[in-house]
Amino acid sequence: MDTVLSLDHVSKVYHNGRGAKNISFSVARGQVVGLLGPNGSGKTTIMKSITGLSQPSEGSITVFGAPSTDREASLKHVGALIEQPALYENLTAWDHLVMAARFYPAVDEKRMDQVLTIVGLAPYKKERCGKFSLGMKQRMGIALALLSEPELMILDEPTNGLDIEATVEIREIIIRLAKEKGVTFLVASHLASEIEKMCDKVLVLYEGEMLSFDTKEEALRLHPSLEDYFLAKVRDKKGSVVL
C-alpha cells in the first residue's frame with residue numbers, strides 16, 4: 001500500500017517531562033488512523049511534530065516521501081486542525097475562506113462553496129462565526145483544513161465538547177471523505193468509542209509511550225470493545241495495578 005505518513009523512533013519531550021517518546025508507525029493512503037489516549041498522553045505532541053509546529057528531539061518523520069524538515073514539500077498536501085480552530089468572531093464563514101484562500105493559488109470560489117457544502121455550513125456562509133455553536137466552529141475549522149484539497153488530514157480531538165448530533169456529523173464527514181475521496185486521516189481522541197466508530201487502525205498512547213498499533217479488527221478480536229482493548233494495554237504496562 002502507498003505510505004502517506006511514516007514516523008521512525010520520534011521523540012519530543014518537554015521540560016516538564018511530558019511529550020512523546022520513541023514513536024514509530026506508518027499510515028497508508030485512504031486509511032483512518034486513530035491516536036487513542038488520555039489527555040497528556042502525547043497525541044497533540046505527535047501531531048505538532050508532523051506539521052512542523054514542534055521540532056522532534058529524536059527520530060525522523062516522512063510525509064508523502066518528503067522529510068518533515070522540508071516543510072514546504074512535506075506539508076503541500078496536508079490539512080490540519082490541531083486543538084481549537086482559530087476563528088475571528090466578527091468575520092463570516094465566507095470571510096474566513098477568502099482570507100485562507102490567499103495562501104492557495106488554485107483555490108477559487110467554487111472550491112470555497114464545495115468545502116462549505118461538505119461540512120454542512122453552506123446555508124450559514126454569510127453568518128458571523130461569533131454566532132456559531134461549538135459544533136459549527138469545529139466544522140468551520142475542518143472546512144478551512146479541507147480548502148486546499150489535502151490528501152492527508154490531521155485532526156486533534158475533532159469531536160471534543162460536541163453534542164451527540166454534532167459528533168455524528170463530524171464523524172460522518174471523516175468516513176465519507178476517506179471512502180469517497182481517498183483522503184487519509186490521522187485523528188486523535190481520548191474517547192475509545194469514537195475511535196472505534198471511525199478508524200481502521202488504532203495507536204494506543206499512555207504517558208507519552210506507544211503501547212500498541214493494531215487494525216481495529218485485530219484489537220476487537222480478543223476484546224468486546226476498543227475501550228476494553230485500551231484498558232488491557234494500560235494494565236499490561238502497569239502490571240498488576242488495577243485501574
# chains A, B, ... in the order shown; residues from 1 in each chain; ligands from 1
>>> residues_around(residues="A:Val78", least_positions_apart="5", cutoff="8 Å", atoms="only C-alpha atoms", output="PyMOL selection string")
chain A and resi 150-154
>>> write_last_selection(atoms="N, CA and C atoms", output="PDB file, in the first residue's frame")
ATOM      1  N   PRO A 150      -6.507  18.667   0.524  1.00  0.00           N
ATOM      2  CA  PRO A 150      -5.394  17.870   1.036  1.00  0.00           C
ATOM      3  C   PRO A 150      -5.636  16.375   0.876  1.00  0.00           C
ATOM      4  N   GLU A 151      -4.554  15.636   0.775  1.00  0.00           N
ATOM      5  CA  GLU A 151      -4.626  14.182   0.694  1.00  0.00           C
ATOM      6  C   GLU A 151      -4.468  13.540   2.069  1.00  0.00           C
ATOM      7  N   LEU A 152      -3.969  14.330   3.035  1.00  0.00           N
ATOM      8  CA  LEU A 152      -3.827  13.870   4.419  1.00  0.00           C
ATOM      9  C   LEU A 152      -4.415  14.925   5.341  1.00  0.00           C
ATOM     10  N   MET A 153      -5.340  14.489   6.205  1.00  0.00           N
ATOM     11  CA  MET A 153      -5.951  15.387   7.184  1.00  0.00           C
ATOM     12  C   MET A 153      -5.525  14.954   8.584  1.00  0.00           C
ATOM     13  N   ILE A 154      -5.069  15.923   9.379  1.00  0.00           N
ATOM     14  CA  ILE A 154      -4.645  15.675  10.751  1.00  0.00           C
ATOM     15  C   ILE A 154      -5.585  16.432  11.674  1.00  0.00           C
TER      16      ILE A 154
END
>>> residues_around(residues="stretch 105-108 of chain A", least_positions_apart="4", cutoff="8 Å", atoms="only C-alpha atoms", output="PDB file with C-alpha atoms, in the first residue's frame")
ATOM      1  CA  ALA A 101      -7.593  31.131   0.001  1.00  0.00           C
ATOM      2  CA  MET A 112     -14.870  27.517  -1.220  1.00  0.00           C
ATOM      3  CA  LEU A 147      -9.707  24.123   1.431  1.00  0.00           C
ATOM      4  CA  SER A 148      -6.557  23.120  -0.471  1.00  0.00           C
TER       5      SER A 148
END
>>> residues_around(residues="A:Val204", least_positions_apart="6", cutoff="7 Å", atoms="only C-alpha atoms", output="ChimeraX atom specification")
/A:35-37,210-213,230
>>> closest_residue(among="A:His77, A:Lys197, A:Arg235, A:Arg221", to="A:Val33", atoms="only C-alpha atoms")
A:Lys197
>>> closest_residue(among="A:Thr69, A:Thr3, A:Ser24, A:Gln31", to="A:Glu180", atoms="only C-alpha atoms")
A:Gln31
>>> residues_around(residues="A:Pro158", least_positions_apart="4", cutoff="8 Å", atoms="only C-alpha atoms", output="JSON, numbers by chain")
{"A": [81, 138, 170, 187, 188, 189]}
>>> closest_residue(among="A:Thr117, A:Thr184, A:Gln84, A:Asn90", to="A:Leu134", atoms="only C-alpha atoms")
A:Gln84
>>> closest_residue(among="A:Ser6, A:Ser225, A:Thr92, A:Gln114", to="A:Lys131", atoms="only C-alpha atoms")
A:Thr92
